[in-house]
Structure formats: structure tokens, C-alpha cells
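To start, the structure itself, in C-alpha cells.
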Amino acid sequence: MNAALAVIGVFLLLAFYLGVRARQGKDMNLEQWTVAGRGFGAIFVFLLMAGEIYTTFTFLGGSGWAYGKGGPAFYIIAYGCLAYALSYWMLPKVWKYAKEHRLMSQSDFFAHKYKSPMLGVLVSLVGVVALIPYLVLQLKGLGIIVSEASYGKISPAAAIWLGVLAVTVYVMISGIHGSAWTAVVKDFMILAVAVFLGIYLPVHYYGGIRPMFEAVEKANPGFLTLPDQGMSVSWFISTVLLTALGFYMWPHTFGSVYSAKGANVFRKNAVLLPIYQLVLLFVLFVGFAAILQVPDLQGSDADLALLRLSIATFDPWFVGVIGAAGLLTAMVPGSMILMTSATLLAKNVYQVFSPSTTEERVRKLAVYLVPVIALVSLYFTFRGGETIVALLLMGYNLVTQLFPALFFSLFKNQFVTKYGAAAGIVVGVATVAYITLSGTGIGTLFPGLPQAVKDLNVGIVALAVNLVVTLAVSAFPPKFFPFAGEKIRRT
Amino acid sequence: MKGIRWLIVVPFLGMLGGIPFANRVKPYVLGMPFLLFWVVLWVVLTSLILWVVYRFDPEAREEEGK
């Protein structure tokens with residue numbers, strides 16, 4: 001048991017050391033801190049993006065969905081792949097514009113494209129409201145992973161404090177460089193651990209992948225396909241589509257696009273990332289393997305499937321390796337989220353209202369906001385009850401509301417106005433909040449519709465409303481609106 | 001040849017358009033139930049399609065040549 005603890009401790013120290021050391025030789029200004037001076041080549045950007053994308057959700061949630069839901073879990077493999085296809089077209093355009101205008105954050109992009117710092121403020125607020133629950137989710141996952149993998153020797157709370165402390169310090173010192181270096185360790189570990197578990201466990205317990213699936217199908221016929229109602233075919237298609245559109249709308253993912261040194265970085269990565277994301281396939285295998293071996297995990301305990309099966313199967317030192325991989329899957333996205341939220345608040349909110357602030361002061365403010373945001377997230381992790389759960393459910397749908405405004409800004413003929421963009425985002429976000437908080441589904445809104453329509457992901461409704469409002473408001477000339485004289489301040 | 005980028009639409013049509021027909025367990029392919037195989041197949045095809053686009057995309061070629 002101490003072996004597991006020791007392994008987790010060693011990896012925590014290694015990540016911390018790399019994160020701090022990453023600063024070496026860098027003259028730390030805002031551009032260096034947030035977007036690495038736009039100097040990352042294909043490999044770093046690949047690892048960083050893979051690092052942000054493969055989070056604790058991948059580790060616990062992916063196997064948990066396979067364990068608890070079966071066929072619908074396959075959506076996890078589908079959406080990333082389509083998001084990468086979209087990225088081939090979208091990200092080079094975003095990167096070029098960002099480089100030309102020296103942008104640092106996602107909100108900068110909206111503020112510049114639509115020539116409206118106020119739109120930047122709006123986008124920042126939507127981003128931070130979606131990001132903090134996402135960070136809380138990572139922290140909760142971190143606590144579960146480390147405490148399970150240490151056989152209960154470390155309490156979840158202690159693990160979370162340690163993890164947050166390490167991340168906060170290296171983000172303050174090294175910014176995105178720290179995230180990139182820890183992402184290197186994390187990616188190799190998660191790849192090795194997931195592939196090994198995904199092959200070893202089915203072979204060990206069932207004699208192979210196919211016998212495992214046959215055993216699951218025999219025990220629970222229909223579990224490996226989509227059901228006729230609920231998470232049905234139309235749920236699957238609409239969810240994959242929505243999630244693929246929202247994928248790069250997360251502020252930390254969008255922002256890391258700027259760190260690349262050329263547009264081809266994204267084209268190359270778009271070719272490779274779909275294949276790389278098949279790592280998730282192995283995570284799903286682990287979840288399916290657990291069904292008949294650790295059969296009594298109910299409800300949200302399904303997320304423990306991977307860890308419980310591993311503890312039942314392996315020696316403590318290897319459980320420690322799995323725990324360490326899990327720890328890193330929380331730390332890399334966690335660090336990016338901290339840095340991004342701090343930058344959004346300092347640059348896209350504070351500086352807008354206090355335009356005389358110098359860039360160096362914005363950087364300092366962002367650095368000091370990191371521990372503040374970390375403490376707020378810790379508070380929600382330990383104290384936030386229902387609110388945080390509701391925000392989490394909304395997170396993905398919230399950031400997806402930024403997609404129409406971004407999409408229309410990428411064309412040469414920009415016919416969507418800043419008012420259209422802002423109105424679309426506000427109405428979209430309000431719709432998401434309403435349908436999530438009231439538990440509304442399409443079935444409750446329109447009971448007479450066929451089942452296939454009722455099963456559509458309700459996020460489609462918000463996006464459709466957003467789209468209609470964006471286009472309708474853009475049809476009015478700007479003089480109809482207040483703040484028409486708003487000027488953009490060039491940085 | 002900038003139009004080659006329209007190929008990006010193909011993974012969306014293939015992956016999602018095929019789901020109603022692929023929603024079944026049998027036949028097992030490579031040990032996987034058919035629905036899962038269908039998704040994995042399109043992941044691999046997406047990679048291939050994007051590679052083809054990359055090979056013929058004039059903007060990508062231009063940057064490569066620099």
C-alpha cells in the first residue's frame with residue numbers, strides 16, 4: 001500500500017518540478033505566460049491539446065459511461081473525431097487572425113472581430129462561468145482517484161489541496177509552459193496505462209475483447225446498442241454534433257490555439273488526433289470489463305469502475321501508477337483552466353474598464369488572480385451542492401453558444417453585427433439556463449412530437465434560438481442600438 | 001484545389017448518417033459490436049480523409065514549402 005503512495009508522490013513531485021522548471025530561459029511577459037510567445041511546434045501543441053482534452057472525465061467518466069450506460073458511451077469516441085475534422089478548417093483561420101492582431105485570449109478574438117470590447121466582456125463571463133465548474137469537476141475527480149489509488153491512506157480533501165497547491169504554484173511561475181511540460185509526462189502515462197488496461201483486463205477476465213462483449217451482451221441483451229427511447233439514435237446524432245461544435249469553444253482550448261508557431265500545426269494535428277483519440281476505446285473496454293467483475297456500482301459510483309477493477313486486479317505499486325496518471329489528467333487541464341480564467345478576468349474584463357492599465361500590470365494581476373480562482377474552486381469543490389451540479393450540466397451547452405458568433409466571423413463577408421452576436425449569446429445562454437434548471441426536455445416542450453424528435457439533445461433548441469436571434473438582430477442597422485459609438489482600443 | 005476542403009464534410013455524413021443502420025450488435029468486427037466498430041471505422045477514415053485534404057490543400061502546401 002505504501003508502494004502506491006510512493007509512486008503517486010514521485011509523479012506529483014516530477015510534475016511540479018517540470019512545471020516550475022519550464023520557465024527557464026523565458027522572459028516572462030503576458031504573451032509568453034499565456035500563449036508561449038506563439039512558439040510551440042506541432043508536437044507541443046499536440047500534447048497540450050491532447051492534455052486538455054483527455055481529462056479526468058476520460059479516465060473515470062469514459063469507463064463509467066461504458067459500465068453504466070453501454071452503447072451510448074460510444075458517443076465519446078465520435079465527437080472528438082468530428083471536432084478534429086472541423087478544426088482543420090477552423091483553427092488555421094483563428095490562429096492567423098490571432099497572430100496578426102497579437103491576441104492572447106478567446107475573448108480578444110470576439111472583441112477584435114466584432115470591434116467591441118463589451119462583447120469580449122460578455123464572452124469572458126460566459127467562459128469563466130463554464131470553466132469554474134469544469135475545474136471543480138477535475139478537482140473532485142482528482143480527489144477520488146488519489147484516495148482510491150492510495151487505498152484510502154490519503155483523504156480526497158488532502159489530495160485535492162496538494163494537487164491544487166502544486167498547480168497554482170507552477171501556473172503562477174511558468175504559465176502555459178508549465179502546462180505543456182506536465183502534459184508531456186501525462187500523455188505518455190495515460191497512453192501507456194489506458195492501452196495496457198484496455199487490453200490486459202478483457203484478456204485476463206474473459207480471454208479477449210470479443211468474448212468480453214459477448215458475455216456482456218448475454219448478461220444484458222441490447223446493452224451494446226442505442227436504446228429505442230432516451231439515449232436513442234437521434235440523441236446520439238444530436239449530442240455528437242453539438243459536442244463537436246462546442247469542443248473548441250472552451251476558452252482554455254481556444255486560447256491554446258494561439259501558442260502554435262504556424263497554421264500547419266493544426267492541419268497536421270487534425271490528421272493525427274482522430275487516431276490518437278482511439279486511446280478512449282481502451283478506456284471504454286475497461287468499463288465493459290468491469291461490468292461482470294465489480295457488478296454492484298450504482299448511479300454515480302459507476303465512475304469508480306476503472307479504479308475498483310484495477311485495485312481488485314493489480315499490485316499496489318501499479319495501482320499507484322494508475323493513480324498518478326489520474327492525478328496528471330486532472331492537473332494539466334486544471335492548470336490551463338486556472339491560467340485562462342485569470343487572463344480573461346484581468347485582460348478582458350478588468351482592462352476594459354480600466355484602459356490605462358499596462359500590459360505588464362495585466363500580467364501581474366492575472367498571476368495574482370490564479371490563487372484566488374483556485375481558492376474559489378476549492379470552496380465550490382467542498383461546499384458547492386446543487387448549484388455546481390447544475391452549472392456542470394450546463395457547461396458544455398454554455399460554451400457551445402459561442403459557436404455561431406465565431407463561425408460567422410470567419411467569413412470574408414462579415415454580415416453578423418456585434419449586436420447580433422451579443423444578443424445570440426445572451427439568449428442562447430438564457431435558454432440553456434432555463435432548460436437545465438427546469439429540467440425541460442423537448443418532450444415536455446412539445447409533447448405531441450414523434451419519439452425521435454423528443455430524444456434530441458435539448459442543447460439543439462438553445463443553439464437554434466441563438467442562431468435565429470443572431471441573424472435577426474444582425475438584420476437591423478447598428479444605429480438602432482445603444483453604445484453604437486463604442487471604440488475599440490488597439491493594444 | 002481549395003475545394004478539396006469540402007471533403008471535411010464526409011466524416012460528418014458518414015459517421016452520423018450511418019448510425020441508424022449501424023445500431024446493432026452483430027456482426028462483431030475485430031471483436032467489437034458492430035455499432036462500436038462503425039464509430040471506430042469512421043475515426044480511422046476521418047484521419048485518412050484529412051490526410052488527403054492536407055496533401056492537396058494549396059495553403060498547407062505553401063506553408064510546407066517555406
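Naming scheme: A, B, ... for chains in displayed order of the C-alpha cells; residues 1 onward per chain; ligands 1 onward as shown.
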
Exercise for review: If you run DSSP over the backbone, which residues in range 199-229 of chain A end up helix (DSSP H, G or I)? Put them as a ChimeraX atom specification.
Suggested key: /A:199-206,209-219

Near chain B, 9 Å: chain A residue rows, closest pairs, only C-alpha atoms, as JSON lines:
```
{"residue": "A:Gly71", "atom": "CA", "partner": "B:Leu36", "partner_atom": "CA", "distance": 7.8}
{"residue": "A:Phe74", "atom": "CA", "partner": "B:Leu36", "partner_atom": "CA", "distance": 6.4}
{"residue": "A:Tyr75", "atom": "CA", "partner": "B:Val39", "partner_atom": "CA", "distance": 8.3}
{"residue": "A:Ile77", "atom": "CA", "partner": "B:Val39", "partner_atom": "CA", "distance": 7.2}
{"residue": "A:Ala78", "atom": "CA", "partner": "B:Val39", "partner_atom": "CA", "distance": 6.2}
{"residue": "A:Cys81", "atom": "CA", "partner": "B:Val43", "partner_atom": "CA", "distance": 5.9}
{"residue": "A:Leu82", "atom": "CA", "partner": "B:Phe12", "partner_atom": "CA", "distance": 6.5}
{"residue": "A:Tyr84", "atom": "CA", "partner": "B:Thr46", "partner_atom": "CA", "distance": 8.8}
{"residue": "A:Ala85", "atom": "CA", "partner": "B:Ile8", "partner_atom": "CA", "distance": 6.0}
{"residue": "A:Leu86", "atom": "CA", "partner": "B:Ile8", "partner_atom": "CA", "distance": 7.0}
{"residue": "A:Tyr88", "atom": "CA", "partner": "B:Leu50", "partner_atom": "CA", "distance": 7.8}
{"residue": "A:Trp89", "atom": "CA", "partner": "B:Arg5", "partner_atom": "CA", "distance": 7.4}
{"residue": "A:Gly208", "atom": "CA", "partner": "B:Gly31", "partner_atom": "CA", "distance": 8.0}
{"residue": "A:Ile209", "atom": "CA", "partner": "B:Gly31", "partner_atom": "CA", "distance": 5.4}
{"residue": "A:Arg210", "atom": "CA", "partner": "B:Gly31", "partner_atom": "CA", "distance": 3.9}
{"residue": "A:Pro211", "atom": "CA", "partner": "B:Gly31", "partner_atom": "CA", "distance": 7.7}
{"residue": "A:Met212", "atom": "CA", "partner": "B:Gly31", "partner_atom": "CA", "distance": 8.8}
{"residue": "A:Phe213", "atom": "CA", "partner": "B:Met32", "partner_atom": "CA", "distance": 7.0}
{"residue": "A:Glu214", "atom": "CA", "partner": "B:Pro33", "partner_atom": "CA", "distance": 8.6}
{"residue": "A:Glu217", "atom": "CA", "partner": "B:Val25", "partner_atom": "CA", "distance": 8.4}
{"residue": "A:Gly222", "atom": "CA", "partner": "B:Val25", "partner_atom": "CA", "distance": 7.7}
{"residue": "A:Leu224", "atom": "CA", "partner": "B:Val25", "partner_atom": "CA", "distance": 6.5}
{"residue": "A:Thr225", "atom": "CA", "partner": "B:Asn23", "partner_atom": "CA", "distance": 5.7}
{"residue": "A:Leu226", "atom": "CA", "partner": "B:Asn23", "partner_atom": "CA", "distance": 6.4}
{"residue": "A:Val233", "atom": "CA", "partner": "B:Pro20", "partner_atom": "CA", "distance": 6.1}
{"residue": "A:Ser234", "atom": "CA", "partner": "B:Pro20", "partner_atom": "CA", "distance": 8.5}
{"residue": "A:Phe236", "atom": "CA", "partner": "B:Ile19", "partner_atom": "CA", "distance": 8.4}
{"residue": "A:Ile237", "atom": "CA", "partner": "B:Leu16", "partner_atom": "CA", "distance": 5.8}
{"residue": "A:Val240", "atom": "CA", "partner": "B:Leu16", "partner_atom": "CA", "distance": 8.2}
{"residue": "A:Leu241", "atom": "CA", "partner": "B:Phe12", "partner_atom": "CA", "distance": 8.4}
{"residue": "A:Gly262", "atom": "CA", "partner": "B:Glu63", "partner_atom": "CA", "distance": 8.3}
{"residue": "A:Ala263", "atom": "CA", "partner": "B:Glu63", "partner_atom": "CA", "distance": 8.0}
{"residue": "A:Asn264", "atom": "CA", "partner": "B:Ala60", "partner_atom": "CA", "distance": 6.1}
{"residue": "A:Arg267", "atom": "CA", "partner": "B:Tyr54", "partner_atom": "CA", "distance": 6.7}
{"residue": "A:Lys268", "atom": "CA", "partner": "B:Tyr54", "partner_atom": "CA", "distance": 7.6}
{"residue": "A:Ala270", "atom": "CA", "partner": "B:Leu50", "partner_atom": "CA", "distance": 6.9}
{"residue": "A:Val271", "atom": "CA", "partner": "B:Ser47", "partner_atom": "CA", "distance": 4.9}
{"residue": "A:Leu272", "atom": "CA", "partner": "B:Ser47", "partner_atom": "CA", "distance": 6.4}
{"residue": "A:Leu273", "atom": "CA", "partner": "B:Ser47", "partner_atom": "CA", "distance": 7.8}
{"residue": "A:Pro274", "atom": "CA", "partner": "B:Val43", "partner_atom": "CA", "distance": 5.7}
{"residue": "A:Ile275", "atom": "CA", "partner": "B:Val44", "partner_atom": "CA", "distance": 6.1}
{"residue": "A:Gln277", "atom": "CA", "partner": "B:Val43", "partner_atom": "CA", "distance": 8.6}
{"residue": "A:Leu278", "atom": "CA", "partner": "B:Val40", "partner_atom": "CA", "distance": 7.6}
{"residue": "A:Leu281", "atom": "CA", "partner": "B:Val40", "partner_atom": "CA", "distance": 8.3}
```

Check your understanding: Just how far from CA of Gly3 in chain B is CA of Val94 in chain A, in Å to one decimal?
Key ->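 Taking CA of Val94 in chain A as the start and CA of Gly3 in chain B as the end point, the length is 19.4 Å.
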
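Put simply, CA of Ser87 in chain A is 17.5 Å away from CA of Gly14 in chain B.
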
Practice item. Using only C-alpha atoms, determine which residues lie at most 8 Å from Asp303 in chain A, disregarding the query and same-chain residues fewer than 2 positions distant; provide the list as a PyMOL selection string. Key: chain A and resi 60-61+63-65+300-301+305-306

Using only C-alpha atoms, please write the residues we just selected to a file, as an mmCIF file, in the first residue's frame.
```
data_model
loop_
_atom_site.group_PDB
_atom_site.id
_atom_site.type_symbol
_atom_site.label_atom_id
_atom_site.label_comp_id
_atom_site.auth_asym_id
_atom_site.auth_seq_id
_atom_site.Cartn_x
_atom_site.Cartn_y
_atom_site.Cartn_z
ATOM 1 C CA LEU A 60 -13.326 7.988 -14.812
ATOM 2 C CA GLY A 61 -16.300 9.153 -16.868
ATOM 3 C CA SER A 63 -15.152 3.927 -18.276
ATOM 4 C CA GLY A 64 -18.076 4.894 -16.034
ATOM 5 C CA TRP A 65 -20.353 5.521 -19.031
ATOM 6 C CA SER A 300 -22.550 7.935 -9.930
ATOM 7 C CA ASP A 301 -20.414 5.198 -8.349
ATOM 8 C CA ALA A 305 -15.402 1.148 -12.278
ATOM 9 C CA LEU A 306 -11.855 1.557 -13.587
#
```

Review point. Counting only C-alpha atoms, what is within 12 Å of range 18-21 of chain A, bar same-chain residues fewer than 5 positions away, as a count of residues only?
Key: 29

Exercise for review: Write out as a ChimeraX atom specification the residues lying within 8 Å of Trp161 in chain A, counting only C-alpha atoms and excluding same-chain residues fewer than 4 positions away.
Suggested key: /A:157,165,378
